[in-house]
There are 4 protein chains.
Amino acid sequence: MGMEQSALDPAVVDIDNADRLSDLNADYDHLQGKLDRSGVSVEAVRRRLSGFELAIPTWGVGTGGTRFARFPQPGEPRHIFDKIEDCGVIRKLSVVTPRVSPHFPWDCVEDYAALREYAAAFGLGFDAVNSNTFQNQPDQVESYKFGSLSHTSPAVRAQAIAHNMDCIGYGKALGSRALTVWVGDGSNFPGQTDFMRSFDRYLDSMKAIYDGLPDDWRVFIEHKMFEPAFYSTVIQDWGSNILAAQTLGDKAKCLVDLGHHAPNTNIEMIVARLHHFGKLGGFHFNDSKYGDDDLDSGSIDPFRLFLVFNELVEAEGREGSAFSAAYMMDQSHNVTDPIESLMNSAEAIVGAYARALLVDRDALHHHQQENDVLMAHNCLKTAFETDVRPLVAMMRYEAGGAIDPIAAYRRSGYRAAVAARRPATGQSGSGIV
Amino acid sequence: MGMEQSALDPAVVDIDNADRLSDLNADYDHLQGKLDRSGVSVEAVRRRLSGFELAIPTWGVGTGGTRFARFPQPGEPRHIFDKIEDCGVIRKLSVVTPRVSPHFPWDCVEDYAALREYAAAFGLGFDAVNSNTFQNQPDQVESYKFGSLSHTSPAVRAQAIAHNMDCIGYGKALGSRALTVWVGDGSNFPGQTDFMRSFDRYLDSMKAIYDGLPDDWRVFIEHKMFEPAFYSTVIQDWGSNILAAQTLGDKAKCLVDLGHHAPNTNIEMIVARLHHFGKLGGFHFNDSKYGDDDLDSGSIDPFRLFLVFNELVEAEGREGSAFSAAYMMDQSHNVTDPIESLMNSAEAIVGAYARALLVDRDALHHHQQENDVLMAHNCLKTAFETDVRPLVAMMRYEAGGAIDPIAAYRRSGYRAAVAARRPATGQSGSGIV
Amino acid sequence: MGMEQSALDPAVVDIDNADRLSDLNADYDHLQGKLDRSGVSVEAVRRRLSGFELAIPTWGVGTGGTRFARFPQPGEPRHIFDKIEDCGVIRKLSVVTPRVSPHFPWDCVEDYAALREYAAAFGLGFDAVNSNTFQNQPDQVESYKFGSLSHTSPAVRAQAIAHNMDCIGYGKALGSRALTVWVGDGSNFPGQTDFMRSFDRYLDSMKAIYDGLPDDWRVFIEHKMFEPAFYSTVIQDWGSNILAAQTLGDKAKCLVDLGHHAPNTNIEMIVARLHHFGKLGGFHFNDSKYGDDDLDSGSIDPFRLFLVFNELVEAEGREGSAFSAAYMMDQSHNVTDPIESLMNSAEAIVGAYARALLVDRDALHHHQQENDVLMAHNCLKTAFETDVRPLVAMMRYEAGGAIDPIAAYRRSGYRAAVAARRPATGQSGSGIV
Amino acid sequence: MGMEQSALDPAVVDIDNADRLSDLNADYDHLQGKLDRSGVSVEAVRRRLSGFELAIPTWGVGTGGTRFARFPQPGEPRHIFDKIEDCGVIRKLSVVTPRVSPHFPWDCVEDYAALREYAAAFGLGFDAVNSNTFQNQPDQVESYKFGSLSHTSPAVRAQAIAHNMDCIGYGKALGSRALTVWVGDGSNFPGQTDFMRSFDRYLDSMKAIYDGLPDDWRVFIEHKMFEPAFYSTVIQDWGSNILAAQTLGDKAKCLVDLGHHAPNTNIEMIVARLHHFGKLGGFHFNDSKYGDDDLDSGSIDPFRLFLVFNELVEAEGREGSAFSAAYMMDQSHNVTDPIESLMNSAEAIVGAYARALLVDRDALHHHQQENDVLMAHNCLKTAFETDVRPLVAMMRYEAGGAIDPIAAYRRSGYRAAVAARRPATGQSGSGIV
């Protein structure tokens, strides 16, 4: 179909790669030699690395904002088809992002089968669907001002449940296998809500949604400490999250967003605990310094990102092929080109995974057992300090992607091309703000 | 002028007060007796309390929101005239709020003299004017996406300076005596800005504005840890704030917003330090649990609010009548009627001041000197635990206000009345979101 | 028995009370009248209040310290018998503290029956016993340097389990009914411990202890974010706590120490969640501004303390007499006389409970249901701002205690008396530092 | 002198280096080639790197602890001579640590000239001297329980001032050129201290000390948010720090300890601000996750450490050879061999500096100027992700140190050797706990 032709000329990738291949080969060879010396099989690492998949949220390709302002850039995507086109660029250049995660009603269309086909032409499938009961929509009967799934009014809860059911329906049509539920329900004042009863109402609503899940689906519950509610949140932390997931049943899993925790929280430990109790569903990757900043993954604390992947590799080591977790980037790109930020973040995430795969786990476990604290720690440091960029770039190159995605993207002139044919609306296609 | 007739019927206040006066008298008499016993002159406290003045930000009477959503209520103010009308209700019922603090360009009008007269008819004058260089306006040449007063481009800085000059002009016409400068300038990524050069540019821009201040004006600099910038902010804390104020000169003072600090920060100590170095300009009152939550004053941590006022009373004690600080509420009312929240907050703030005035300072200083830690602390606790509501209500009543502002407001039917004549626009008059 | 004669002369209490009774009566009468007006039965409140019991930790009467220094005061208790004597003073004056919570091996004696009798002579029984596997003792075979119940070595774990069994034995002899387990196990470096395996080892050890509990005992698990371990802690938060308690069984409950959470954490919500899932065991009361500061209860954030009790009263309202939670003060008194701090804190805690009992719960629940946010919040504020000191003092007075415990204590000269007969050792009887 | 013979056999270093040299050469050559490609002169980087000097605190070679416990290891240093011997090992193996920073009275000796000579035999000089007014010493007249330099009592302040004068004297004898003043002064209760008066007293005391400084000395003021005081600290943050330093004069500079800030604080920005106003004195390096955890440098957030050095390199770029800052490690080694931790940390610190030197500053400044946010950020990421270990190891090797300091140290059997001749005392030579 003509429409599915991306504004990205694939020849640019080849041209840009050609300029970089010789250096890449040299760096790769040296890395391979170095790892060989320490007994690490680069091939084994590459095999596992090549299985890594990261979803792009459709809203992520629009410019984000804050409650104070939003500053759009040229060529903002106007609708789900533009978003798919942008995600297709990332898929082509960064390789590791084969699926998009849609958000409803922002991404509602008439014909879901056509949308699925359209995406497939860009090499994209559909990941978890996201429901939205934290905003009012123009045609909506009940208001979510005071909550949705935990609202005191049965009518509001019923509306929110029905919307989630709709999302499952859209997802089935799109080939998705999971529903992510994040609600803004909470309170701004001590006394505003009854913590016990509102949690009961939330659980009741979730049970209704859970009962509507297809057999092979999962539902991901996402906790968040605060925002948009600023005193309490119904699923405020992983504790409430796992208790809710246990209450619902096996198909309910917990989703960890790196920016949704209290200051100083040891997130990698939460990952281990959720895995321990069989409830680790997946991640929303981003980075943060202060709150839910939704900054680019690895831009603030890349070692923390590595430590999270260290736990994931531990979990893989225990469960083997049975282990599965859903990975998505969930960032707000306020001052960068979202496509560039997503590619840069994908690189940071895959790099963190690569480093975690390089950890000498036998040595680590040995030192842990012997309480040789410094050497156990240095097992992690040694892997973290290894420059894995040649490894990741080579994997991308061999899969047909770009050795340097940002450079190839800039060379392609994609942004200017879409700016020319996407009129500015002043509105974000992202739905936020 | 007919327009200036508020929808609030003043007779309602009398009726409501009549129902409450006898209880108030009883409670007041008991409080007076109790304070007499401990050697506190209620009259002296009332005298100081009656001099307390608190500004209302014009944007505060509109419903606030978050980056996720905004849920307006009926009767939203559409423009500065509606906002003045709403502020007039608060002035009438709560008494202690004789001035409004306007925000430009949100509150721009054709005729400032007429606006001043209009406000005066509601018993309102004008407090510090606020400039806005954190949003782009429709007709704006340069964009503030990457900063304003600290932007790398001289043209952007010039535009931002010129806007502040305009604000001073509006303020002169309105009878204001101060300019508050809060900028969103900062960065979202390590490396995005050069900390040293951007601060230099900020200082240069501020010098230009400072030079344009009338002789009897002050400029208030407001620091904020984060948001809308999520990695660094040009005036991130009181340290940068006071250094900037020192660099500018005597007319530059520091403004403390209670929600703009790092977690766990001892804010009352910052108040003492700013006063110590002659740079305490004033406050933006609100409360917060997580970040710049802009919750209602005293709703989360009323003791902290009291401790702030304890330092202010200490400062008054040192400087006497020379002491002056500007007080304003700066809250985001997302789930309440803003008028109710502002009246409730005014009560909390005046109450905190009243409690601070009740502290037996001679005893406190004596115990501090002797390191009788427990008794020094209990001087504060004794004052804090005193139920000062009768004192505050009596002061309000005697000044023509409401004994119970919320009750009188609800009885008046004001919200329904304005809802009937202010068509919903879906937009906030507040300018935010 | 001569030894059990306290240095506190009970006549002093009567003399001091006599000076205060008339004012107390006046204040009490006014409070009663005021509450009557709002439909609150003071008698019902007093009845519930009089059932309130708060344990004193034996180590709390010694001067605390930090890793930098400890500054003892005259008359430090030298052993459990001195501590009991000090606790007896608090029991006499503050009334609400009928039990002490011992810590082993610090409080080990030859004859537990004699100790129990000795305490009874001071009106004191024994609360939960506390084990100590975070310090090495002189005669100890295995070291706890790298953990105790979660240590990689079976021998260390066996030693730690055996110590807990011993504690149960001591507790049985003393009439205790619960064991509190707090461990310092954790890590200081990423990579030091295997989160999954160490949690498994912890659970295995706890199962062994759990199996040794008498039928009518409970075991309290205490979580803590950090310190003495500074990167991870085996029971780092309420999430790990409740999962451990669920794994163990019905007799395992969660203990909440107010200072053991991440910055900004909504602790009252955790209380509600633990209650929701049947796992709320009790509290360690203190206050904190930065970390586990162990400051005096209610000295930093008295409203938070009230909000915690608000949840406890909600829980009582749901469960009625079936509700039970263990309350203890757990503070470090570095700069005050510990006896004074404990009496002051008991007052703050009982006061918070009294305020929570004053909340008009029918109105609260109604406003919550209707999303009348401001009025729901004001239900709490109205109760919190009520000066309950006359109510609490009257309750104390009628039970034979002091109207003003601090004043009576100072008047008694107790500290000087014990200082004269307890030689300074430079060591804390508290066991810490 | 025979005594100065270290238990470390230098031959071990040669043997261990011989095993590693060939790999090092290969890795170094590849790094050099890679950097050449991107236009970085490795020689220029090495030249600057080789000028880097890092002090070791004498107390750092003893095992640290917490208020709960301390778990010493074999061979604990018993006194300053043992500490010097241990520091000599680090100096030999890690090279970059040519000076020790003594703490008084812990390191008091009879003959300072002899101590200086003794240290010189290990290749060690003396860095800033540290005073101690946060602990009481056995023979001390006045107590620091309620403060030292800011105490309400003139006698206590005089004693604390005199002690600092003594420290200057010791330092002169040892060849030191700076005094570091960290005090524990503060409060645990709201109301305990008068913020204004206590700061005045602190400044007065510091003025007296400042006046006693030799002409070529500097005094470093260290701020800390909390601990050992848990409600307020007299120099709580960099704001109070710089105001104090400005008040004192040119010889007073601010010291930044990475663990002494509020959660989420952007420390690198503070570095830039202190430099901007000419008050950046130096650093106490460590890492932290929760508070003043005193963990090993770079073990928790290595990117933050890099960002700090990025600002230091910026400052060097502005001031050139005029720039000078004092660097010291200040860590508490609770679960590792302190010698190993210090060598590991030195590696992390030098590595962070090396990475910062690799940043393409022209490109960075260009992207900053153009608001090419992503590329500016990637300038930092590119440098950070470079594996600089070969560069640092080569520099060490060429200076006569160890290619792998930990490995060489373990091979040497030093710990066992000193354990055999240093009897365990149960006391820490570190002075803490």
# chains A, B, ... in the order shown; residues from 1 in each chain; ligands from 1
>>> select_by_dssp(residues="range 201-412 of chain D", states="strand (DSSP E)", output="list in words")
Arg218, Val219, Phe220, Ile221, Glu222, Ser232, Thr233, Ala252, Lys253, Cys254, Leu255, Val256, Asp257, Leu280, Gly281, Gly282, Phe283, His284, Phe285, Ala326, Tyr327, Met328 and Met329 of chain D
>>> select_by_dssp(residues="range 63-115 of chain B", states="alpha helix (DSSP H)", output="ChimeraX atom specification")
/B:80-94,112-115
>>> write_last_selection(atoms="N, CA and C atoms", output="PDB file, in the first residue's frame")
ATOM      1  N   ILE B  80     -10.189  38.302  33.966  1.00  0.00           N
ATOM      2  CA  ILE B  80      -9.792  38.974  35.193  1.00  0.00           C
ATOM      3  C   ILE B  80     -10.978  39.571  35.958  1.00  0.00           C
ATOM      4  N   PHE B  81     -12.008  39.969  35.257  1.00  0.00           N
ATOM      5  CA  PHE B  81     -13.129  40.583  35.972  1.00  0.00           C
ATOM      6  C   PHE B  81     -13.900  39.538  36.790  1.00  0.00           C
ATOM      7  N   ASP B  82     -14.089  38.366  36.192  1.00  0.00           N
ATOM      8  CA  ASP B  82     -14.701  37.272  36.959  1.00  0.00           C
ATOM      9  C   ASP B  82     -13.810  36.890  38.147  1.00  0.00           C
ATOM     10  N   LYS B  83     -12.516  36.859  37.890  1.00  0.00           N
ATOM     11  CA  LYS B  83     -11.594  36.473  38.976  1.00  0.00           C
ATOM     12  C   LYS B  83     -11.681  37.471  40.126  1.00  0.00           C
ATOM     13  N   ILE B  84     -11.753  38.758  39.766  1.00  0.00           N
ATOM     14  CA  ILE B  84     -11.864  39.783  40.808  1.00  0.00           C
ATOM     15  C   ILE B  84     -13.154  39.588  41.604  1.00  0.00           C
ATOM     16  N   GLU B  85     -14.201  39.270  40.894  1.00  0.00           N
ATOM     17  CA  GLU B  85     -15.476  39.050  41.584  1.00  0.00           C
ATOM     18  C   GLU B  85     -15.329  37.904  42.592  1.00  0.00           C
ATOM     19  N   ASP B  86     -14.706  36.815  42.157  1.00  0.00           N
ATOM     20  CA  ASP B  86     -14.514  35.673  43.061  1.00  0.00           C
ATOM     21  C   ASP B  86     -13.622  36.063  44.242  1.00  0.00           C
ATOM     22  N   CYS B  87     -12.570  36.793  43.946  1.00  0.00           N
ATOM     23  CA  CYS B  87     -11.682  37.225  45.033  1.00  0.00           C
ATOM     24  C   CYS B  87     -12.411  38.150  46.005  1.00  0.00           C
ATOM     25  N   GLY B  88     -13.372  38.893  45.472  1.00  0.00           N
ATOM     26  CA  GLY B  88     -14.159  39.773  46.324  1.00  0.00           C
ATOM     27  C   GLY B  88     -14.966  38.990  47.352  1.00  0.00           C
ATOM     28  N   VAL B  89     -15.430  37.834  46.975  1.00  0.00           N
ATOM     29  CA  VAL B  89     -16.155  36.980  47.924  1.00  0.00           C
ATOM     30  C   VAL B  89     -15.235  36.586  49.073  1.00  0.00           C
ATOM     31  N   ILE B  90     -14.042  36.191  48.713  1.00  0.00           N
ATOM     32  CA  ILE B  90     -13.077  35.769  49.742  1.00  0.00           C
ATOM     33  C   ILE B  90     -12.736  36.953  50.645  1.00  0.00           C
ATOM     34  N   ARG B  91     -12.549  38.113  50.025  1.00  0.00           N
ATOM     35  CA  ARG B  91     -12.257  39.322  50.796  1.00  0.00           C
ATOM     36  C   ARG B  91     -13.372  39.618  51.792  1.00  0.00           C
ATOM     37  N   LYS B  92     -14.593  39.501  51.321  1.00  0.00           N
ATOM     38  CA  LYS B  92     -15.736  39.802  52.187  1.00  0.00           C
ATOM     39  C   LYS B  92     -15.826  38.815  53.355  1.00  0.00           C
ATOM     40  N   LEU B  93     -15.714  37.535  53.058  1.00  0.00           N
ATOM     41  CA  LEU B  93     -15.970  36.513  54.075  1.00  0.00           C
ATOM     42  C   LEU B  93     -14.753  36.267  54.971  1.00  0.00           C
ATOM     43  N   SER B  94     -13.568  36.245  54.354  1.00  0.00           N
ATOM     44  CA  SER B  94     -12.366  35.884  55.115  1.00  0.00           C
ATOM     45  C   SER B  94     -11.578  37.088  55.606  1.00  0.00           C
ATOM     46  N   TYR B 112      -6.110  49.696  32.512  1.00  0.00           N
ATOM     47  CA  TYR B 112      -5.711  49.260  33.851  1.00  0.00           C
ATOM     48  C   TYR B 112      -6.309  50.127  34.954  1.00  0.00           C
ATOM     49  N   ALA B 113      -6.533  51.375  34.636  1.00  0.00           N
ATOM     50  CA  ALA B 113      -7.147  52.253  35.636  1.00  0.00           C
ATOM     51  C   ALA B 113      -8.560  51.763  35.953  1.00  0.00           C
ATOM     52  N   ALA B 114      -9.250  51.354  34.904  1.00  0.00           N
ATOM     53  CA  ALA B 114     -10.616  50.847  35.108  1.00  0.00           C
ATOM     54  C   ALA B 114     -10.582  49.550  35.917  1.00  0.00           C
ATOM     55  N   LEU B 115      -9.611  48.706  35.627  1.00  0.00           N
ATOM     56  CA  LEU B 115      -9.492  47.446  36.380  1.00  0.00           C
ATOM     57  C   LEU B 115      -9.231  47.734  37.852  1.00  0.00           C
TER      58      LEU B 115
END
>>> residues_around(residues="range 354-369 of chain A", least_positions_apart="4", cutoff="7 Å", atoms="only C-alpha atoms", output="list in words")
Val40, Val45, Leu49, Phe306, Phe309, Asn310, Val313, Val350, Val373, Met375, Ala376, Cys379, Leu380, Ala383, Phe384 and Val388 of chain A; Thr152, Gln192, Thr193 and Asp194 of chain C
>>> write_last_selection(atoms="N, CA, C and O atoms", output="short mmCIF file (atom, residue, chain, number, x, y, z; two decimals), in the first residue's frame")
data_model
loop_
_atom_site.label_atom_id
_atom_site.label_comp_id
_atom_site.auth_asym_id
_atom_site.auth_seq_id
_atom_site.Cartn_x
_atom_site.Cartn_y
_atom_site.Cartn_z
N VAL A 40 34.01 -15.00 28.63
CA VAL A 40 32.63 -14.73 28.23
C VAL A 40 32.46 -15.04 26.74
O VAL A 40 33.25 -14.59 25.92
N VAL A 45 26.07 -14.21 24.37
CA VAL A 45 25.47 -12.93 24.75
C VAL A 45 24.65 -12.37 23.59
O VAL A 45 23.52 -11.92 23.77
N LEU A 49 20.76 -11.37 23.50
CA LEU A 49 20.49 -9.96 23.23
C LEU A 49 19.55 -9.81 22.03
O LEU A 49 18.67 -8.93 22.02
N PHE A 306 21.07 -0.55 34.88
CA PHE A 306 21.85 -1.78 34.82
C PHE A 306 21.48 -2.73 35.97
O PHE A 306 21.35 -3.94 35.79
N PHE A 309 18.36 -4.55 35.24
CA PHE A 309 18.59 -5.64 34.30
C PHE A 309 19.38 -6.78 34.94
O PHE A 309 19.20 -7.94 34.59
N ASN A 310 20.23 -6.43 35.87
CA ASN A 310 20.93 -7.49 36.59
C ASN A 310 19.94 -8.43 37.28
O ASN A 310 20.11 -9.65 37.26
N VAL A 313 18.19 -10.58 34.58
CA VAL A 313 19.03 -11.68 34.11
C VAL A 313 19.10 -12.77 35.19
O VAL A 313 19.08 -13.97 34.87
N VAL A 350 19.02 -1.46 25.82
CA VAL A 350 19.67 -2.68 25.32
C VAL A 350 21.10 -2.76 25.86
O VAL A 350 21.57 -3.84 26.22
N VAL A 373 32.51 -9.24 49.84
CA VAL A 373 31.64 -8.15 49.41
C VAL A 373 32.24 -7.37 48.25
O VAL A 373 31.58 -7.10 47.24
N MET A 375 34.51 -8.17 46.04
CA MET A 375 34.62 -8.88 44.77
C MET A 375 33.25 -9.11 44.15
O MET A 375 33.09 -9.08 42.93
N ALA A 376 32.25 -9.35 44.99
CA ALA A 376 30.89 -9.49 44.45
C ALA A 376 30.48 -8.20 43.76
O ALA A 376 29.98 -8.20 42.63
N CYS A 379 32.20 -7.69 40.46
CA CYS A 379 31.63 -8.45 39.34
C CYS A 379 30.64 -7.57 38.57
O CYS A 379 30.60 -7.61 37.33
N LEU A 380 29.84 -6.82 39.30
CA LEU A 380 28.90 -5.93 38.62
C LEU A 380 29.63 -4.76 37.96
O LEU A 380 29.35 -4.39 36.82
N ALA A 383 31.38 -5.57 34.65
CA ALA A 383 30.45 -5.67 33.52
C ALA A 383 29.93 -4.28 33.13
O ALA A 383 29.86 -3.94 31.95
N PHE A 384 29.61 -3.48 34.13
CA PHE A 384 29.04 -2.16 33.84
C PHE A 384 30.04 -1.27 33.11
O PHE A 384 29.66 -0.48 32.25
N VAL A 388 29.97 -1.60 25.78
CA VAL A 388 29.22 -2.59 24.99
C VAL A 388 28.68 -2.02 23.69
O VAL A 388 27.96 -2.70 22.95
N THR C 152 24.39 -16.31 54.73
CA THR C 152 24.65 -17.44 53.83
C THR C 152 25.07 -18.69 54.60
O THR C 152 24.92 -19.80 54.09
N GLN C 192 26.32 -7.26 46.60
CA GLN C 192 26.75 -7.95 47.82
C GLN C 192 25.89 -9.16 48.14
O GLN C 192 26.41 -10.22 48.51
N THR C 193 24.58 -9.00 48.03
CA THR C 193 23.71 -10.14 48.34
C THR C 193 22.83 -10.48 47.16
O THR C 193 22.53 -9.66 46.31
N ASP C 194 22.41 -11.70 47.15
CA ASP C 194 21.47 -12.22 46.18
C ASP C 194 20.10 -11.99 46.80
O ASP C 194 19.72 -12.63 47.78
#
>>> interface_residues(of="chain C", to="chain D", cutoff="8 Å", atoms="only C-alpha atoms", output="number ranges by chain")
C: 65-71, 134-136, 145-146, 188-190, 226-228, 230-231, 288-291, 293, 295, 299-300, 335, 432-433
>>> residues_around(residues="range 18-25 of chain D", least_positions_apart="5", cutoff="8 Å", atoms="only C-alpha atoms", output="ChimeraX atom specification")
/D:390,393-394,403
>>> closest_atom_pairs(of="range 318-414 of chain C", to="range 273-287 of chain C", cutoff="7 Å", atoms="only C-alpha atoms", output="Markdown table")
| residue | atom | partner | partner_atom | distance |
| --- | --- | --- | --- | --- |
| C:Ala325 | CA | C:Gly282 | CA | 4.6 |
| C:Ala326 | CA | C:Gly282 | CA | 4.2 |
| C:Tyr327 | CA | C:Phe283 | CA | 5.0 |
| C:Met328 | CA | C:His284 | CA | 5.0 |
| C:Met329 | CA | C:Phe285 | CA | 4.5 |
| C:Asp330 | CA | C:His284 | CA | 5.3 |
| C:Gln331 | CA | C:Asn286 | CA | 5.5 |
>>> atom_distance(atom1="CA of Pro57 in chain D", atom2="CA of Ser332 in chain D")
10.6 Å
>>> residues_around(residues="range 159-175 of chain A", least_positions_apart="2", cutoff="9 Å", atoms="only C-alpha atoms", output="ChimeraX atom specification")
/A:102-105,108,112-113,115-117,125-133,140-142,144,148-149,154-157,177-179,181,205-206,208-209,212-214
>>> write_last_selection(atoms="C-alpha atoms", output="PDB file, in the first residue's frame")
ATOM      1  CA  PRO A 102      -1.676   1.876  21.878  1.00  0.00           C
ATOM      2  CA  HIS A 103      -3.690   4.083  24.197  1.00  0.00           C
ATOM      3  CA  PHE A 104      -7.441   4.411  23.986  1.00  0.00           C
ATOM      4  CA  PRO A 105      -9.457   6.386  23.165  1.00  0.00           C
ATOM      5  CA  CYS A 108      -9.370   4.660  18.378  1.00  0.00           C
ATOM      6  CA  TYR A 112      -8.743  -2.137  13.586  1.00  0.00           C
ATOM      7  CA  ALA A 113      -7.906  -4.811  11.060  1.00  0.00           C
ATOM      8  CA  LEU A 115      -4.704  -0.489  11.391  1.00  0.00           C
ATOM      9  CA  ARG A 116      -3.056  -3.797  12.160  1.00  0.00           C
ATOM     10  CA  GLU A 117      -2.176  -4.269   8.511  1.00  0.00           C
ATOM     11  CA  GLY A 125       2.828  -5.416  15.820  1.00  0.00           C
ATOM     12  CA  PHE A 126       0.810  -4.420  18.868  1.00  0.00           C
ATOM     13  CA  ASP A 127       1.844  -4.733  22.469  1.00  0.00           C
ATOM     14  CA  ALA A 128      -0.276  -4.206  25.607  1.00  0.00           C
ATOM     15  CA  VAL A 129      -3.265  -1.908  25.170  1.00  0.00           C
ATOM     16  CA  ASN A 130      -3.656   0.980  27.598  1.00  0.00           C
ATOM     17  CA  SER A 131      -6.950   2.221  28.928  1.00  0.00           C
ATOM     18  CA  ASN A 132      -7.546   5.805  29.935  1.00  0.00           C
ATOM     19  CA  THR A 133      -9.824   6.618  32.834  1.00  0.00           C
ATOM     20  CA  GLN A 140     -18.440  10.975  28.222  1.00  0.00           C
ATOM     21  CA  VAL A 141     -21.427  10.701  30.559  1.00  0.00           C
ATOM     22  CA  GLU A 142     -19.718  10.323  33.909  1.00  0.00           C
ATOM     23  CA  TYR A 144     -13.456  10.950  36.375  1.00  0.00           C
ATOM     24  CA  SER A 148     -12.701   5.917  38.039  1.00  0.00           C
ATOM     25  CA  LEU A 149     -12.364   2.267  39.022  1.00  0.00           C
ATOM     26  CA  PRO A 154     -21.343   2.696  40.740  1.00  0.00           C
ATOM     27  CA  ALA A 155     -22.154   4.473  37.482  1.00  0.00           C
ATOM     28  CA  VAL A 156     -18.661   5.915  37.165  1.00  0.00           C
ATOM     29  CA  ARG A 157     -17.100   2.581  37.969  1.00  0.00           C
ATOM     30  CA  ARG A 177      -2.214 -10.021  24.458  1.00  0.00           C
ATOM     31  CA  ALA A 178      -2.281  -7.740  27.469  1.00  0.00           C
ATOM     32  CA  LEU A 179      -4.088  -4.829  29.063  1.00  0.00           C
ATOM     33  CA  VAL A 181      -4.325  -0.495  33.755  1.00  0.00           C
ATOM     34  CA  SER A 205     -13.855  -3.139  39.399  1.00  0.00           C
ATOM     35  CA  MET A 206     -10.638  -4.910  38.524  1.00  0.00           C
ATOM     36  CA  ALA A 208     -14.925  -7.405  36.566  1.00  0.00           C
ATOM     37  CA  ILE A 209     -12.213  -6.466  34.068  1.00  0.00           C
ATOM     38  CA  GLY A 212     -13.368 -10.237  30.804  1.00  0.00           C
ATOM     39  CA  LEU A 213      -9.777 -11.064  29.876  1.00  0.00           C
ATOM     40  CA  PRO A 214      -9.241 -13.659  27.166  1.00  0.00           C
TER      41      PRO A 214
END
>>> residues_around(residues="Phe220 in chain A", least_positions_apart="2", cutoff="7 Å", atoms="only C-alpha atoms", output="ChimeraX atom specification")
/A:179-181,218,222,252-255,281
>>> residues_around(residues="range 200-203 of chain B", least_positions_apart="6", cutoff="8 Å", atoms="only C-alpha atoms", output="list in words")
Leu149, Ser150, His151, Thr152, Val234, Ala244, Thr247 and Leu248 of chain B
>>> write_last_selection(atoms="C-alpha atoms", output="PDB file, in the first residue's frame")
ATOM      1  CA  LEU B 149      15.884  34.942  30.920  1.00  0.00           C
ATOM      2  CA  SER B 150      18.757  32.450  30.709  1.00  0.00           C
ATOM      3  CA  HIS B 151      18.251  31.395  27.079  1.00  0.00           C
ATOM      4  CA  THR B 152      21.345  31.139  24.904  1.00  0.00           C
ATOM      5  CA  VAL B 234      18.412  27.928  37.070  1.00  0.00           C
ATOM      6  CA  ALA B 244      21.213  36.214  42.771  1.00  0.00           C
ATOM      7  CA  THR B 247      24.222  40.247  43.072  1.00  0.00           C
ATOM      8  CA  LEU B 248      21.282  42.430  42.052  1.00  0.00           C
TER       9      LEU B 248
END
>>> atom_distance(atom1="CA of Ala352 in chain D", atom2="CA of Thr97 in chain D")
15.6 Å
